[in-house]
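Enquirer: Quick one: structure below, then a few questions.
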Amino acid sequence: MFCGLVPATPVAPFNARNGEWLSHLGTVTKKQATLVCQRRLAEASPPPDIDFLFAPLKHARLDYAVQKATELGARRLRPVITQRTIAERINLERMRANAIEAAEQCNLVHVPEVAEPQKLAAVLDAWPAERRLIYCDEAAPVADPIKALSAISPPAALLVGPEGGFTDDEKQTLRALPFVIAISLGPRIIRADTAAVAALALVQAVIGDWKNGGLAGSVAAP
């Protein structure tokens, strides 16, 4: 597993408790390696308490959605099974690997938790009332999503539906729940993975850590 690693190679390990550290490899064997930590590069910095709930997509589009949700600061990734969910299998290890890769690429000192998939009805039945649930609905009563979001704050969660959208029954159930708020994503029909990026950007801009100049200096190298 550790073949090819050379002692003294510089690395920058991180976790959500200790932050990121400038380190180098100490002893290296085939089965293990030790790290020598030198100094802290960044404190642990979990993003705002905003979950991302989504109907799993197929293959590359799911990879894209997971990567972008990580980059945009979702604290937890929670796949939900809706009536129109088309993905037959959900590879949680692949999701976790994509989240880690995105965090490393963007120098994030946080990797979102990846939850086990659940049916939407079960998720809603067990939902904590103090966490507002934002979902994308073209018939949202307030056309301006920024205005709709301005009255809430974390803890919160964003729910994006499957290809084909939520069924009428699911929409009726969501609209009747007191902790749910609907937002519109404009006049055009967009794909589920695009909707995820657009909606997460809106949520971070209005109630997340993009407020008050939070975007400054945040563009990472490709």
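Order determines the names: the first chain of the structure tokens is A, the second B, and so forth; residues in each chain are numbered 1 upward, and ligands are numbered 1 upward as they are shown.
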If we count only C-alpha atoms and set the cut-off at 9 Å, which residues sit around Pro117 (chain A), ignoring sequence neighbours fewer than 3 positions away in its own chain? Please answer as a ChimeraX atom specification.

Expert: /A:56,78-81,90,92

Enquirer: May I have the residues from that selection written out with C-alpha atoms, as a tab-separated table (two decimals), in the first residue's frame?

Expert:
chain	number	residue	atom	x	y	z
A	56	PRO	CA	-29.07	9.91	-6.67
A	78	ARG	CA	-27.69	12.60	2.21
A	79	PRO	CA	-29.03	10.54	-0.71
A	80	VAL	CA	-32.81	10.11	-0.67
A	81	ILE	CA	-34.93	7.73	-2.70
A	90	ILE	CA	-25.69	3.78	-4.79
A	92	LEU	CA	-21.30	5.14	-1.05

Enquirer: Just the residues within 12 Å of region 93-96 of chain A, please, counting only C-alpha atoms, with nothing from its chain fewer than 5 positions along; format it as a tab-separated table (two decimals) with C-alpha atoms, in the first residue's frame.

Expert:
chain	number	residue	atom	x	y	z
A	56	PRO	CA	-29.07	9.91	-6.67
A	57	LEU	CA	-28.24	10.27	-10.35
A	58	LYS	CA	-26.36	7.90	-12.61
A	59	HIS	CA	-22.57	7.57	-12.77
A	60	ALA	CA	-20.74	10.71	-13.93
A	61	ARG	CA	-23.57	13.09	-13.08
A	62	LEU	CA	-23.68	11.80	-9.51
A	63	ASP	CA	-19.90	12.16	-9.27
A	64	TYR	CA	-20.24	15.76	-10.45
A	65	ALA	CA	-23.02	16.59	-7.98
A	66	VAL	CA	-21.06	15.14	-5.04
A	67	GLN	CA	-17.88	16.99	-6.00
A	68	LYS	CA	-19.63	20.31	-6.44
A	69	ALA	CA	-21.66	19.96	-3.25
A	70	THR	CA	-18.39	19.39	-1.38
A	76	ARG	CA	-23.48	16.37	4.98
A	77	LEU	CA	-24.44	14.51	1.81
A	78	ARG	CA	-27.69	12.60	2.21
A	79	PRO	CA	-29.03	10.54	-0.71
A	101	GLU	CA	-10.89	14.32	-3.91
A	102	ALA	CA	-12.91	17.54	-4.16
A	103	ALA	CA	-11.82	18.62	-0.67
A	111	VAL	CA	-14.92	16.44	4.09
A	112	PRO	CA	-18.70	16.12	4.26
A	113	GLU	CA	-20.25	13.12	5.93
A	114	VAL	CA	-21.91	10.73	3.46
A	115	ALA	CA	-25.09	9.22	4.89
A	116	GLU	CA	-26.81	5.97	4.03
A	117	PRO	CA	-29.64	6.38	1.50

Enquirer: Quick one: residues within 12 Å of Gln172 (chain A), only C-alpha atoms counted, chain neighbours fewer than 5 positions away excluded, as a PyMOL selection string?

Expert: chain A and resi 137+139+166-167+177+180+182

Enquirer: Those same residues, written as an mmCIF file, in the first residue's frame with N, CA and C atoms?

Expert:
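The result, stored in selection.cif:
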data_model
loop_
_atom_site.group_PDB
_atom_site.id
_atom_site.type_symbol
_atom_site.label_atom_id
_atom_site.label_comp_id
_atom_site.auth_asym_id
_atom_site.auth_seq_id
_atom_site.Cartn_x
_atom_site.Cartn_y
_atom_site.Cartn_z
ATOM 1 N N ASP A 137 -38.760 24.177 -6.212
ATOM 2 C CA ASP A 137 -40.117 23.994 -6.709
ATOM 3 C C ASP A 137 -40.427 25.122 -7.679
ATOM 4 N N ALA A 139 -43.089 26.036 -8.734
ATOM 5 C CA ALA A 139 -44.324 26.735 -8.360
ATOM 6 C C ALA A 139 -44.204 27.363 -6.968
ATOM 7 N N PHE A 166 -40.057 15.967 -8.648
ATOM 8 C CA PHE A 166 -40.894 15.290 -7.669
ATOM 9 C C PHE A 166 -42.262 14.988 -8.277
ATOM 10 N N THR A 167 -42.900 13.941 -7.788
ATOM 11 C CA THR A 167 -44.261 13.653 -8.223
ATOM 12 C C THR A 167 -45.224 14.646 -7.563
ATOM 13 N N LEU A 177 -45.753 20.615 4.940
ATOM 14 C CA LEU A 177 -44.950 20.513 6.153
ATOM 15 C C LEU A 177 -44.504 21.888 6.640
ATOM 16 N N VAL A 180 -40.790 23.211 5.879
ATOM 17 C CA VAL A 180 -40.342 23.243 4.488
ATOM 18 C C VAL A 180 -40.538 24.635 3.890
ATOM 19 N N ALA A 182 -40.091 26.478 -0.010
ATOM 20 C CA ALA A 182 -39.846 26.227 -1.432
ATOM 21 C C ALA A 182 -39.145 27.431 -2.054
#

Enquirer: Can you tell me, as a list in words, what residues are no more than 10 Å from Ile181 (chain A) when counting only C-alpha atoms, ignoring any on the same chain fewer than 4 positions away?

Expert: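 In the requested form, the answer reads Arg132, Leu133, Ile134, Tyr135, Cys136, Asp137, Ala140, Pro141, Val142, Ala148, Leu149, Ile152, Leu158, Leu174, Arg175, Ala176 and Leu177 of chain A.
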
Enquirer: Residues at most 12 Å from Arg84 (chain A), counting only C-alpha atoms, excluding those fewer than 3 positions away in the same chain, as an mmCIF file with C-alpha atoms, in the first residue's frame?

Expert:
data_model
loop_
_atom_site.group_PDB
_atom_site.id
_atom_site.type_symbol
_atom_site.label_atom_id
_atom_site.label_comp_id
_atom_site.auth_asym_id
_atom_site.auth_seq_id
_atom_site.Cartn_x
_atom_site.Cartn_y
_atom_site.Cartn_z
ATOM 1 C CA PHE A 54 -30.552 14.663 -3.270
ATOM 2 C CA ALA A 55 -32.060 11.915 -5.374
ATOM 3 C CA PRO A 56 -29.067 9.914 -6.668
ATOM 4 C CA LEU A 57 -28.242 10.270 -10.354
ATOM 5 C CA VAL A 80 -32.812 10.112 -0.667
ATOM 6 C CA ILE A 81 -34.932 7.728 -2.697
ATOM 7 C CA ALA A 87 -30.258 5.077 -9.959
ATOM 8 C CA GLU A 88 -30.519 1.392 -9.119
ATOM 9 C CA LYS A 119 -36.609 6.865 1.331
ATOM 10 C CA LEU A 120 -37.920 10.426 1.203
ATOM 11 C CA GLY A 161 -35.247 16.144 -6.700
ATOM 12 C CA PRO A 162 -34.538 13.512 -9.345
ATOM 13 C CA GLU A 163 -34.566 13.701 -13.103
ATOM 14 C CA GLY A 164 -38.200 14.358 -13.939
ATOM 15 C CA GLY A 165 -38.738 16.157 -10.642
ATOM 16 C CA PHE A 166 -40.894 15.290 -7.669
ATOM 17 C CA THR A 167 -44.261 13.653 -8.223
ATOM 18 C CA ASP A 168 -47.460 15.583 -7.477
ATOM 19 C CA ASP A 169 -47.920 13.530 -4.288
ATOM 20 C CA GLU A 170 -44.407 14.339 -3.108
#

Enquirer: When you look at Gly208 (chain A) with a cut-off of 10 Å (counting only C-alpha atoms), what residues show up, excluding the ones that are within fewer than 6 positions of it in the same chain? I need them as a list in words.

Expert: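 With the cut-off at 10 Å, the set is Pro47, Pro48, Asp49, Ile50, Leu72, Gly73, Ala74, Ser153, Pro154, Pro155, Ala156, Leu200, Ala201, Leu202 and Gly214 of chain A.
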
Enquirer: Given the selection you just returned, output its residues as a file containing C-alpha atoms, formatted as a compact mmCIF listing (two decimals), in the first residue's frame.

Expert:
# COMPACT_ATOMS: atom_id res chain seq x y z
CA PRO A 47 -18.88 24.89 6.90
CA PRO A 48 -22.28 26.17 8.07
CA ASP A 49 -24.68 23.47 9.26
CA ILE A 50 -26.34 22.91 5.88
CA LEU A 72 -19.83 24.55 -2.21
CA GLY A 73 -19.67 23.70 1.49
CA ALA A 74 -22.34 21.10 2.19
CA SER A 153 -30.71 30.56 9.02
CA PRO A 154 -28.75 27.37 9.75
CA PRO A 155 -29.31 24.65 10.72
CA ALA A 156 -30.90 24.01 7.37
CA LEU A 200 -26.40 25.45 -3.15
CA ALA A 201 -24.84 28.66 -4.43
CA LEU A 202 -28.01 30.57 -3.56
CA GLY A 214 -16.91 35.29 2.25

Enquirer: Point out the residue among A:Val109, A:Ala121, A:Ala97, A:Ile207 with the least atom-to-atom distance to Thr82 (chain A), counting only C-alpha atoms.

Expert: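 Nearest to Thr82 (chain A): A:Ala121.
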
Enquirer: DSSP on the backbone: what in region 23-174 of chain A comes out strand (DSSP E or B), as JSON, numbers by chain?

Expert: {"A": [23, 24, 25, 26, 27, 28, 33, 34, 35, 36, 37, 38, 39, 40, 41, 42, 50, 51, 52, 53, 54, 76, 77, 78, 79, 80, 81, 113, 114, 118, 119, 132, 133, 134, 135, 136, 156, 157, 158, 159, 160]}

Enquirer: Which value, in Å to one decimal, gives the distance between CA of Asn107 (chain A) and CA of Glu71 (chain A)?

Expert: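 About the pair CA of Asn107 (chain A) and CA of Glu71 (chain A): they are 9.4 Å apart.
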
Enquirer: Just the number, please: distance in Å from CA of Ser184 (chain A) to CA of Ala199 (chain A), one decimal.

Expert: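 CA of Ala199 (chain A) lies at a distance of 9.0 Å from CA of Ser184 (chain A).
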
Enquirer: Using DSSP on the backbone coordinates, identify all residues within region 81-196 of chain A classified as alpha helix (DSSP H); present the result as a ChimeraX atom specification.

Expert: /A:92-105,120-125,145-149,168-176,192-196

Enquirer: Selection from above, C-alpha atoms, as an mmCIF file, in the first residue's frame, can you write it?

Expert:
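The resulting file, selection.cif, is shown below:
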data_model
loop_
_atom_site.group_PDB
_atom_site.id
_atom_site.type_symbol
_atom_site.label_atom_id
_atom_site.label_comp_id
_atom_site.auth_asym_id
_atom_site.auth_seq_id
_atom_site.Cartn_x
_atom_site.Cartn_y
_atom_site.Cartn_z
ATOM 1 C CA LEU A 92 -21.298 5.140 -1.055
ATOM 2 C CA GLU A 93 -17.570 4.450 -1.161
ATOM 3 C CA ARG A 94 -17.367 6.120 -4.578
ATOM 4 C CA MET A 95 -19.296 9.082 -3.191
ATOM 5 C CA ARG A 96 -16.894 9.369 -0.259
ATOM 6 C CA ALA A 97 -13.893 9.132 -2.593
ATOM 7 C CA ASN A 98 -15.300 11.926 -4.769
ATOM 8 C CA ALA A 99 -15.909 14.100 -1.708
ATOM 9 C CA ILE A 100 -12.336 13.558 -0.473
ATOM 10 C CA GLU A 101 -10.895 14.317 -3.913
ATOM 11 C CA ALA A 102 -12.907 17.539 -4.163
ATOM 12 C CA ALA A 103 -11.821 18.619 -0.675
ATOM 13 C CA GLU A 104 -8.166 17.963 -1.504
ATOM 14 C CA GLN A 105 -8.400 19.740 -4.857
ATOM 15 C CA LEU A 120 -37.920 10.426 1.203
ATOM 16 C CA ALA A 121 -41.011 9.565 3.261
ATOM 17 C CA ALA A 122 -38.869 8.142 6.082
ATOM 18 C CA VAL A 123 -36.611 11.203 6.042
ATOM 19 C CA LEU A 124 -39.566 13.565 6.335
ATOM 20 C CA ASP A 125 -41.216 11.519 9.105
ATOM 21 C CA PRO A 145 -35.372 32.810 -4.116
ATOM 22 C CA ILE A 146 -33.220 35.336 -2.265
ATOM 23 C CA LYS A 147 -36.288 36.843 -0.635
ATOM 24 C CA ALA A 148 -37.603 33.378 0.240
ATOM 25 C CA LEU A 149 -34.302 32.382 1.884
ATOM 26 C CA ASP A 168 -47.460 15.583 -7.477
ATOM 27 C CA ASP A 169 -47.920 13.530 -4.288
ATOM 28 C CA GLU A 170 -44.407 14.339 -3.108
ATOM 29 C CA LYS A 171 -44.897 18.033 -3.830
ATOM 30 C CA GLN A 172 -48.166 18.038 -1.924
ATOM 31 C CA THR A 173 -46.518 16.370 1.056
ATOM 32 C CA LEU A 174 -43.577 18.795 1.054
ATOM 33 C CA ARG A 175 -45.753 21.893 0.727
ATOM 34 C CA ALA A 176 -47.863 20.835 3.715
ATOM 35 C CA ALA A 192 -30.842 17.891 -11.545
ATOM 36 C CA ASP A 193 -27.056 18.243 -11.243
ATOM 37 C CA THR A 194 -27.237 21.848 -12.479
ATOM 38 C CA ALA A 195 -30.058 22.550 -10.023
ATOM 39 C CA ALA A 196 -27.894 21.254 -7.188
#

Enquirer: Between A:Lys211, A:Arg75, A:Pro10, A:Asp144, which residue has the minimum interatomic distance to Asp51 (chain A), considering only C-alpha atoms?

Expert: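 Closest candidate: A:Arg75.
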